[in-house]
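Structure first, then comments.
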Amino acid sequence: MTCKVKLVAIAKDESAYIPEWVHHHLFVGFDEIEIFINRTTDSSQAVLKSISEKYSNVSWRTADWVDQCPPEASKHIQFITYSQAMYQCQEAESFTHIFFLDIDEFLILDKLSSSIHEIIERFPLGQPIAFEWLNDCTPTASAFSRLPRSLTGNLSPLVKTLLPVDIQIKEFRHHLPVFKNKVDTLLVDNTKFVSQEKVKQALDKTVNSLKSSFIYHRAHRSQYEYISLLYRGRPGDSFAYKSNRRGYPQVTAKTATVELDETAYKAYKSSYEKFILDTNIAELKEESEAFVRQRYDLSIANIDQHLALDYTLMVRLFKGVSDPQVLIAFKQYRENLVKESPQNVDLLIRLALDAQSQDIDEAIALLTLAKAIRPKGPLINKKLSQFLSIKQQA
């Protein structure tokens with residue numbers, strides 16, 4: 001049986017990234033793409049209209065009708081939309097598989113040299129297939145840069161799952177649904193999905209490895225975009241910043257790099273340039289990028305207010321960010337805390353540990369203040385020595 005695969009996404013204020021994402025997944029062979037727009041104030045509708053006029057297999061619709069439901073339901077807009085899309089595919093009986101991805105997720109198949117159809121043909125009919133995440137880690141990336149040939153990232157135990165349309169879902173989840181019947185989900189290398197003991201949607205370390213095909217999760221992009229994207233928030237969350245992020249990633253010994261196939265990547269780049277010309281969205285792209293810049297400004301402007309609301313969360317979200325405006329905001333907030341309690345050594349130590357991931361000089365200055373009050377404190381002296389060593393190696 002010839003497979004036919006539909007890709008579904010939900011997008012909020014992501015018009016700057018939609019063209020590249022749509023082109024990418026058309027390039028790897030998806031038969032149809034449908035995007036649900038929700039709570040959007042940017043030019044997403046205009047961008048998708050231009051694309052769909054040229055590519056009839058790309059469609060879009062709004063999902064804001066979900067907000068007419070009570071809050072306890074509308075905060076689950078993603079799962080409601082997934083369920084609707086799955087039901088419509090089952091009713092149409094024209095697709096064999098459906099895949100749900102976010103606009104920051106790029107499916108990479110055999111270094112870009114295989115199609116989604118070729119991957120599916122390697123598995124039994126009706127088989128759910130889980131693709132692991134490689135979370136992007138590109139500290140030197142420039143704003144609005146396209147998918148590079150060298151993909152650098154950190155392997156995650158989380159996945160996204162390609163589903164046979166006729167499989168019975170008991171409950172949709174972000175990474176791996178709960179099926180009504182017992183089903184073995186397979187990974188790309190044909191090993192069985194084995195979950196962690198506590199996090200059932202995450203892979204156990206015994207089977208979690210970088211496979212030949214995976215999802216490159218571009219959740220961070222450049223620092224500039226990361227700061228802007230943080231200010232998108234989350235559905236059902238009153239906090240303005242995206243509270244499920246854990247800071248801007250740094251390259252470590254475990255960071256992996258995958259080089260895409262040279263011939264395929266050359267064809268990919270040419271195909272993208274043609275896609276942009278065909279859809280006539282160059283001007284809309286500039287407008288979309290301007291929206292991201294405006295959101296960056298809002299993100300910066302609201303740091304002070306949200307530091308007062310939840311300092312601990314903000315430290316986590318902005319960990320590893322070296323943007324000067326971010327550093328100034330955090331430093332000033334910590335200085336004010338110190339002014340209120342200048343002799344509180346435990347506070348000074350805690351603030352120094354928080355500052356370490358942002359500004360090593362600030363961290364050293366805070367520990368120096370703590371040392372002046374408690375000169376023989378073992379933790380103070382240990383951490384101060386470590387921070388001075390880090391500064392020397394920088």
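Ordering of the structure tokens sets the chain letters (A, B, ...), residue numbers begin anew at 1 in every chain, and ligands are numbered from 1 in the order given.
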
Nearby residues (only C-alpha atoms) at most 7 Å from Asp102 in chain A, same-chain spacing under 3 positions excluded, as a list in words: Ala9, Ile10 and Glu105 of chain A

Excluding same-chain residues fewer than 3 positions from range 295-309 of chain A, what lies within 6 Å of it counting only C-alpha atoms, as a list in words? Ser228, Tyr231 and Val292 of chain A

With N, CA and C atoms retained, write the just-selected residues as a PDB file, in the first residue's frame.
```pdb
ATOM      1  N   SER A 228      13.429  36.928  22.410  1.00  0.00           N
ATOM      2  CA  SER A 228      12.130  37.270  21.833  1.00  0.00           C
ATOM      3  C   SER A 228      11.135  36.121  21.985  1.00  0.00           C
ATOM      4  N   TYR A 231       9.172  35.500  25.149  1.00  0.00           N
ATOM      5  CA  TYR A 231       8.047  36.367  25.467  1.00  0.00           C
ATOM      6  C   TYR A 231       6.759  35.941  24.759  1.00  0.00           C
ATOM      7  N   VAL A 292       9.355  40.029  15.330  1.00  0.00           N
ATOM      8  CA  VAL A 292      10.249  39.361  16.287  1.00  0.00           C
ATOM      9  C   VAL A 292      11.105  40.401  17.009  1.00  0.00           C
TER      10      VAL A 292
END
```

Kindly give the distance, in Å, that separates CA of Gly126 in chain A and CA of Ile167 in chain A, rounded to a single decimal. 7.3 Å

Which residues, written as a CSV table (one decimal) with N, CA and C atoms, in the first residue's frame, have at least one atom at most 7 Å from range 66-79 of chain A, with only C-alpha atoms counted and residues fewer than 3 positions away on the same chain left out?
```csv
chain,number,residue,atom,x,y,z
A,63,ALA,N,-7.6,28.3,15.0
A,63,ALA,CA,-8.0,27.4,16.1
A,63,ALA,C,-8.5,28.2,17.3
A,82,TYR,N,-5.1,18.6,17.9
A,82,TYR,CA,-4.6,17.3,17.5
A,82,TYR,C,-5.7,16.3,17.3
A,83,SER,N,-6.6,16.3,18.3
A,83,SER,CA,-7.7,15.3,18.2
A,83,SER,C,-8.6,15.6,17.0
A,172,PHE,N,-4.1,12.0,23.8
A,172,PHE,CA,-2.9,12.7,23.2
A,172,PHE,C,-2.0,13.3,24.3
A,235,PRO,N,0.3,28.5,26.4
A,235,PRO,CA,-1.1,28.4,26.6
A,235,PRO,C,-1.6,28.1,28.0
A,236,GLY,N,-2.5,28.9,28.5
A,236,GLY,CA,-3.0,28.7,29.8
A,236,GLY,C,-2.1,29.2,31.0
```

Give me, as a list in words, all polymer residues having an atom no more than 8 Å from range 149-154 of chain A, counting only C-alpha atoms and skipping those fewer than 4 positions away in the same chain. Leu134, Asn135, Asp136, Cys137, Thr138, Tyr216, Val251, Lys254, Thr255, Ala256, Thr257, Val258, Glu259, Leu260, Asp261, Glu262 and Tyr265 of chain A

Gln45 in chain A environment, 9 Å, only C-alpha atoms, sequence neighbours closer than 3 positions dropped, as a count of residues only: 10

Which residue, A:Leu369, A:Ala282, A:Leu155, A:Ala202, has the smallest gap to His175 in chain A when you use only C-alpha atoms? A:Ala202

Which residues are near range 345-353 of chain A? Cut-off 9 Å, only C-alpha atoms, ignore same chain within fewer than 2 positions. Put them as a list in words. Arg334, Leu337, Val338, Ser341, Pro342, Gln343, Ala355, Gln356, Ser357, Ile360, Glu362, Ala363, Ile364, Ala365, Leu366, Leu367, Leu369, Ala370, Lys371, Ile373, Arg374, Leu379, Ile380 and Lys383 of chain A

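Ranking A:Lys111, A:Lys319, A:His220, A:Lys12 by their shortest atom-to-atom distance to Pro139 in chain A, with only C-alpha atoms included, puts A:His220 first.
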
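You can rank A:Tyr17, A:Phe131, A:Tyr226, A:Phe214 by their closest distance to Leu112 in chain A using only C-alpha atoms, and at the top of that list sits A:Phe214.
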
Nearby residues (only C-alpha atoms) at most 9 Å from Asp166 in chain A, same-chain spacing under 4 positions excluded, as a compact mmCIF listing (two decimals) with C-alpha atoms, in the first residue's frame:
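So out26.txt came out as:
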```
# COMPACT_ATOMS: atom_id res chain seq x y z
CA MET A 86 -6.69 13.08 13.67
CA CYS A 89 -7.93 12.31 8.71
CA GLN A 90 -9.71 9.16 9.81
CA GLU A 93 -9.65 7.96 4.64
CA THR A 96 -2.07 6.49 6.04
CA HIS A 97 -0.02 8.49 8.55
CA GLY A 126 0.58 0.45 11.15
```

Can you tell me, as a short mmCIF file (atom, residue, chain, number, x, y, z; two decimals) with N, CA and C atoms, in the first residue's frame, which residues in range 180-386 of chain A count as helix (DSSP H, G or I) by DSSP?
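Generated output (selection-v5.cif):
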```
data_model
loop_
_atom_site.label_atom_id
_atom_site.label_comp_id
_atom_site.auth_asym_id
_atom_site.auth_seq_id
_atom_site.Cartn_x
_atom_site.Cartn_y
_atom_site.Cartn_z
N GLN A 223 20.71 34.03 20.34
CA GLN A 223 20.33 34.58 21.64
C GLN A 223 19.26 35.66 21.48
N TYR A 224 19.38 36.48 20.45
CA TYR A 224 18.41 37.54 20.19
C TYR A 224 17.01 36.95 20.02
N GLU A 225 16.92 35.90 19.20
CA GLU A 225 15.62 35.28 18.96
C GLU A 225 15.12 34.54 20.20
N TYR A 226 16.04 33.93 20.94
CA TYR A 226 15.65 33.22 22.15
C TYR A 226 14.98 34.18 23.13
N ILE A 227 15.56 35.37 23.29
CA ILE A 227 14.97 36.37 24.19
C ILE A 227 13.58 36.75 23.71
N SER A 228 13.43 36.93 22.41
CA SER A 228 12.13 37.27 21.83
C SER A 228 11.13 36.12 21.98
N LEU A 229 11.57 34.91 21.65
CA LEU A 229 10.68 33.75 21.71
C LEU A 229 10.21 33.46 23.13
N LEU A 230 11.03 33.78 24.12
CA LEU A 230 10.62 33.58 25.50
C LEU A 230 9.34 34.36 25.82
N GLU A 262 26.13 16.60 1.48
CA GLU A 262 26.50 17.78 0.70
C GLU A 262 25.61 18.00 -0.52
N THR A 263 25.39 16.93 -1.27
CA THR A 263 24.56 17.04 -2.48
C THR A 263 23.13 17.39 -2.14
N ALA A 264 22.59 16.72 -1.13
CA ALA A 264 21.21 16.98 -0.71
C ALA A 264 21.05 18.41 -0.19
N TYR A 265 22.04 18.88 0.56
CA TYR A 265 21.94 20.22 1.13
C TYR A 265 22.03 21.30 0.05
N LYS A 266 22.83 21.04 -0.96
CA LYS A 266 22.91 21.99 -2.07
C LYS A 266 21.57 22.10 -2.79
N ALA A 267 20.93 20.94 -3.03
CA ALA A 267 19.61 20.93 -3.66
C ALA A 267 18.57 21.59 -2.76
N TYR A 268 18.72 21.37 -1.48
CA TYR A 268 17.82 21.94 -0.47
C TYR A 268 17.87 23.46 -0.48
N LYS A 269 19.05 24.02 -0.52
CA LYS A 269 19.21 25.47 -0.54
C LYS A 269 18.61 26.08 -1.82
N SER A 270 18.88 25.44 -2.95
CA SER A 270 18.33 25.93 -4.21
C SER A 270 16.81 25.86 -4.21
N SER A 271 16.29 24.77 -3.65
CA SER A 271 14.85 24.58 -3.57
C SER A 271 14.20 25.66 -2.70
N TYR A 272 14.87 26.03 -1.63
CA TYR A 272 14.32 27.05 -0.74
C TYR A 272 14.27 28.42 -1.42
N GLU A 273 15.32 28.75 -2.14
CA GLU A 273 15.34 30.04 -2.84
C GLU A 273 14.19 30.11 -3.86
N LYS A 274 13.96 28.99 -4.55
CA LYS A 274 12.85 28.94 -5.51
C LYS A 274 11.52 29.07 -4.78
N PHE A 275 11.41 28.44 -3.63
CA PHE A 275 10.18 28.48 -2.84
C PHE A 275 9.85 29.93 -2.45
N ILE A 276 10.84 30.67 -2.02
CA ILE A 276 10.63 32.07 -1.62
C ILE A 276 10.18 32.91 -2.82
N LEU A 277 10.80 32.66 -3.97
CA LEU A 277 10.41 33.41 -5.18
C LEU A 277 9.00 33.03 -5.64
N ASP A 278 8.72 31.74 -5.63
CA ASP A 278 7.41 31.26 -6.08
C ASP A 278 6.27 31.81 -5.23
N THR A 279 6.50 31.90 -3.95
CA THR A 279 5.43 32.33 -3.03
C THR A 279 5.37 33.84 -2.87
N ALA A 282 8.89 37.68 0.12
CA ALA A 282 10.08 38.38 0.62
C ALA A 282 9.70 39.57 1.50
N GLU A 283 8.73 40.38 1.06
CA GLU A 283 8.32 41.55 1.84
C GLU A 283 7.64 41.13 3.14
N LEU A 284 6.82 40.09 3.07
CA LEU A 284 6.17 39.59 4.27
C LEU A 284 7.19 39.05 5.27
N LYS A 285 8.25 38.48 4.74
CA LYS A 285 9.31 37.95 5.60
C LYS A 285 9.96 39.09 6.40
N GLU A 286 10.18 40.22 5.76
CA GLU A 286 10.75 41.37 6.46
C GLU A 286 9.79 41.86 7.56
N GLU A 287 8.50 41.88 7.23
CA GLU A 287 7.50 42.29 8.22
C GLU A 287 7.47 41.33 9.40
N SER A 288 7.60 40.04 9.11
CA SER A 288 7.59 39.02 10.17
C SER A 288 8.80 39.17 11.08
N GLU A 289 9.95 39.44 10.50
CA GLU A 289 11.16 39.61 11.30
C GLU A 289 11.07 40.87 12.15
N ALA A 290 10.43 41.91 11.63
CA ALA A 290 10.22 43.14 12.41
C ALA A 290 9.38 42.85 13.66
N PHE A 291 8.39 41.94 13.51
CA PHE A 291 7.56 41.55 14.65
C PHE A 291 8.42 40.89 15.73
N VAL A 292 9.36 40.03 15.33
CA VAL A 292 10.25 39.36 16.29
C VAL A 292 11.10 40.40 17.01
N ARG A 293 11.56 41.42 16.29
CA ARG A 293 12.37 42.47 16.90
C ARG A 293 11.55 43.28 17.91
N GLN A 294 10.33 43.57 17.56
CA GLN A 294 9.45 44.30 18.50
C GLN A 294 9.20 43.48 19.76
N ARG A 295 9.04 42.17 19.58
CA ARG A 295 8.81 41.30 20.74
C ARG A 295 10.06 41.20 21.60
N TYR A 296 11.23 41.25 20.96
CA TYR A 296 12.49 41.29 21.72
C TYR A 296 12.50 42.51 22.64
N ASP A 297 12.12 43.65 22.09
CA ASP A 297 12.09 44.88 22.88
C ASP A 297 11.14 44.75 24.06
N LEU A 298 9.98 44.15 23.84
CA LEU A 298 9.02 43.94 24.92
C LEU A 298 9.58 42.98 25.97
N SER A 299 10.26 41.95 25.50
CA SER A 299 10.86 40.98 26.42
C SER A 299 11.87 41.67 27.34
N ILE A 300 12.72 42.49 26.75
CA ILE A 300 13.71 43.23 27.54
C ILE A 300 13.03 44.20 28.51
N ALA A 301 12.03 44.92 28.01
CA ALA A 301 11.37 45.95 28.80
C ALA A 301 10.64 45.38 30.01
N ILE A 303 11.53 42.58 31.79
CA ILE A 303 12.35 41.74 32.68
C ILE A 303 12.23 42.19 34.13
N ASP A 304 12.37 43.50 34.38
CA ASP A 304 12.34 44.00 35.76
C ASP A 304 11.06 43.59 36.49
N GLN A 305 9.94 43.79 35.81
CA GLN A 305 8.64 43.47 36.42
C GLN A 305 8.55 41.99 36.77
N HIS A 306 9.04 41.14 35.90
CA HIS A 306 8.89 39.70 36.12
C HIS A 306 9.96 39.14 37.05
N LEU A 307 11.09 39.83 37.17
CA LEU A 307 12.05 39.44 38.20
C LEU A 307 11.42 39.58 39.58
N ALA A 308 10.63 40.63 39.75
CA ALA A 308 9.94 40.83 41.03
C ALA A 308 8.86 39.79 41.26
N LEU A 309 8.26 39.31 40.18
CA LEU A 309 7.19 38.31 40.31
C LEU A 309 7.73 36.92 40.62
N TYR A 311 11.68 35.62 40.63
CA TYR A 311 13.11 35.74 40.36
C TYR A 311 13.73 34.39 39.99
N THR A 312 13.38 33.35 40.73
CA THR A 312 13.97 32.02 40.51
C THR A 312 13.67 31.51 39.10
N LEU A 313 12.42 31.65 38.67
CA LEU A 313 12.05 31.21 37.32
C LEU A 313 12.80 32.02 36.27
N MET A 314 12.89 33.32 36.45
CA MET A 314 13.57 34.17 35.46
C MET A 314 15.05 33.82 35.36
N VAL A 315 15.67 33.48 36.47
CA VAL A 315 17.08 33.05 36.44
C VAL A 315 17.22 31.80 35.57
N ARG A 316 16.28 30.86 35.72
CA ARG A 316 16.34 29.64 34.90
C ARG A 316 16.13 29.96 33.43
N LEU A 317 15.15 30.80 33.12
CA LEU A 317 14.83 31.09 31.73
C LEU A 317 15.99 31.80 31.01
N PRO A 324 23.75 42.12 26.67
CA PRO A 324 24.06 43.19 27.63
C PRO A 324 22.84 43.75 28.35
N GLN A 325 21.73 43.91 27.65
CA GLN A 325 20.54 44.47 28.29
C GLN A 325 19.96 43.52 29.33
N VAL A 326 20.06 42.23 29.06
CA VAL A 326 19.60 41.23 30.03
C VAL A 326 20.50 41.27 31.27
N LEU A 327 21.81 41.31 31.05
CA LEU A 327 22.76 41.32 32.17
C LEU A 327 22.56 42.54 33.06
N ILE A 328 22.34 43.69 32.45
CA ILE A 328 22.12 44.92 33.22
C ILE A 328 20.87 44.79 34.10
N ALA A 329 19.78 44.27 33.52
CA ALA A 329 18.53 44.13 34.27
C ALA A 329 18.69 43.20 35.48
N PHE A 330 19.34 42.06 35.26
CA PHE A 330 19.53 41.11 36.35
C PHE A 330 20.49 41.67 37.40
N LYS A 331 21.56 42.32 36.95
CA LYS A 331 22.54 42.87 37.88
C LYS A 331 21.91 43.94 38.76
N GLN A 332 21.12 44.82 38.17
CA GLN A 332 20.47 45.88 38.94
C GLN A 332 19.49 45.30 39.96
N TYR A 333 18.77 44.26 39.55
CA TYR A 333 17.82 43.64 40.48
C TYR A 333 18.55 43.04 41.67
N ARG A 334 19.67 42.33 41.39
CA ARG A 334 20.44 41.73 42.48
C ARG A 334 21.09 42.80 43.37
N GLU A 335 21.54 43.90 42.77
CA GLU A 335 22.11 44.99 43.56
C GLU A 335 21.08 45.55 44.54
N ASN A 336 19.85 45.66 44.10
CA ASN A 336 18.78 46.17 44.97
C ASN A 336 18.51 45.21 46.12
N LEU A 337 18.56 43.90 45.83
CA LEU A 337 18.37 42.92 46.90
C LEU A 337 19.49 43.02 47.94
N VAL A 338 20.71 43.25 47.46
CA VAL A 338 21.85 43.36 48.37
C VAL A 338 21.73 44.63 49.22
N LYS A 339 21.28 45.73 48.61
CA LYS A 339 21.11 46.98 49.36
C LYS A 339 20.11 46.82 50.50
N GLU A 340 19.09 45.98 50.28
CA GLU A 340 18.07 45.76 51.31
C GLU A 340 18.61 44.91 52.46
N VAL A 345 24.81 37.07 54.31
CA VAL A 345 25.82 36.31 53.58
C VAL A 345 25.18 35.21 52.73
N ASP A 346 24.18 34.53 53.27
CA ASP A 346 23.53 33.46 52.50
C ASP A 346 22.90 34.00 51.22
N LEU A 347 22.33 35.21 51.31
CA LEU A 347 21.76 35.85 50.13
C LEU A 347 22.85 36.15 49.12
N LEU A 348 23.96 36.68 49.57
CA LEU A 348 25.07 37.01 48.68
C LEU A 348 25.58 35.77 47.95
N ILE A 349 25.69 34.67 48.68
CA ILE A 349 26.16 33.43 48.06
C ILE A 349 25.17 32.95 47.00
N ARG A 350 23.88 32.98 47.36
CA ARG A 350 22.86 32.51 46.42
C ARG A 350 22.83 33.37 45.16
N LEU A 351 22.93 34.67 45.33
CA LEU A 351 22.91 35.56 44.17
C LEU A 351 24.16 35.38 43.31
N ALA A 352 25.28 35.10 43.94
CA ALA A 352 26.52 34.85 43.19
C ALA A 352 26.40 33.59 42.35
N LEU A 353 25.80 32.56 42.92
CA LEU A 353 25.60 31.31 42.16
C LEU A 353 24.65 31.55 40.99
N ASP A 354 23.64 32.38 41.20
CA ASP A 354 22.72 32.72 40.12
C ASP A 354 23.44 33.49 39.02
N ALA A 355 24.30 34.41 39.40
CA ALA A 355 24.99 35.28 38.44
C ALA A 355 26.05 34.54 37.63
N ILE A 360 30.32 36.36 35.07
CA ILE A 360 31.27 35.84 36.07
C ILE A 360 31.85 36.96 36.91
N ASP A 361 31.99 38.16 36.35
CA ASP A 361 32.51 39.28 37.13
C ASP A 361 31.54 39.67 38.24
N GLU A 362 30.25 39.68 37.93
CA GLU A 362 29.25 39.97 38.96
C GLU A 362 29.28 38.91 40.05
N ALA A 363 29.39 37.65 39.64
CA ALA A 363 29.44 36.55 40.61
C ALA A 363 30.64 36.70 41.55
N ILE A 364 31.79 37.07 41.00
CA ILE A 364 33.00 37.26 41.81
C ILE A 364 32.82 38.43 42.78
N ALA A 365 32.22 39.53 42.30
CA ALA A 365 32.01 40.70 43.15
C ALA A 365 31.08 40.37 44.32
N LEU A 366 30.04 39.59 44.07
CA LEU A 366 29.12 39.21 45.14
C LEU A 366 29.79 38.32 46.18
N LEU A 367 30.59 37.38 45.71
CA LEU A 367 31.30 36.50 46.65
C LEU A 367 32.37 37.25 47.43
N THR A 368 32.96 38.25 46.80
CA THR A 368 33.95 39.08 47.49
C THR A 368 33.31 39.83 48.65
N LEU A 369 32.08 40.32 48.43
CA LEU A 369 31.33 40.95 49.51
C LEU A 369 31.04 39.96 50.63
N ALA A 370 30.67 38.74 50.25
CA ALA A 370 30.38 37.70 51.25
C ALA A 370 31.64 37.34 52.04
N LYS A 371 32.77 37.29 51.37
CA LYS A 371 34.04 36.94 52.03
C LYS A 371 34.46 38.01 53.04
N ALA A 372 34.16 39.26 52.72
CA ALA A 372 34.51 40.35 53.64
C ALA A 372 33.75 40.21 54.96
N ILE A 373 32.54 39.63 54.89
CA ILE A 373 31.73 39.44 56.10
C ILE A 373 32.09 38.12 56.78
N PRO A 378 33.97 28.22 54.19
CA PRO A 378 34.52 27.24 53.23
C PRO A 378 33.84 27.28 51.86
N LEU A 379 32.51 27.42 51.82
CA LEU A 379 31.81 27.46 50.54
C LEU A 379 32.17 28.73 49.77
N ILE A 380 32.26 29.85 50.50
CA ILE A 380 32.61 31.12 49.86
C ILE A 380 33.97 31.03 49.21
N ASN A 381 34.95 30.53 49.96
CA ASN A 381 36.32 30.46 49.44
C ASN A 381 36.44 29.45 48.30
N LYS A 382 35.71 28.34 48.41
CA LYS A 382 35.74 27.34 47.35
C LYS A 382 35.17 27.90 46.05
N LYS A 383 33.99 28.52 46.15
CA LYS A 383 33.34 29.05 44.95
C LYS A 383 34.11 30.25 44.38
N LEU A 384 34.66 31.08 45.24
CA LEU A 384 35.42 32.23 44.76
C LEU A 384 36.64 31.77 43.98
N SER A 385 37.30 30.74 44.48
CA SER A 385 38.45 30.18 43.78
C SER A 385 38.03 29.62 42.42
N GLN A 386 36.89 28.92 42.37
CA GLN A 386 36.39 28.36 41.12
C GLN A 386 36.06 29.46 40.12
#
```

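Straight-line separation from CA of Leu158 in chain A to CA of Glu121 in chain A: 23.5 Å.
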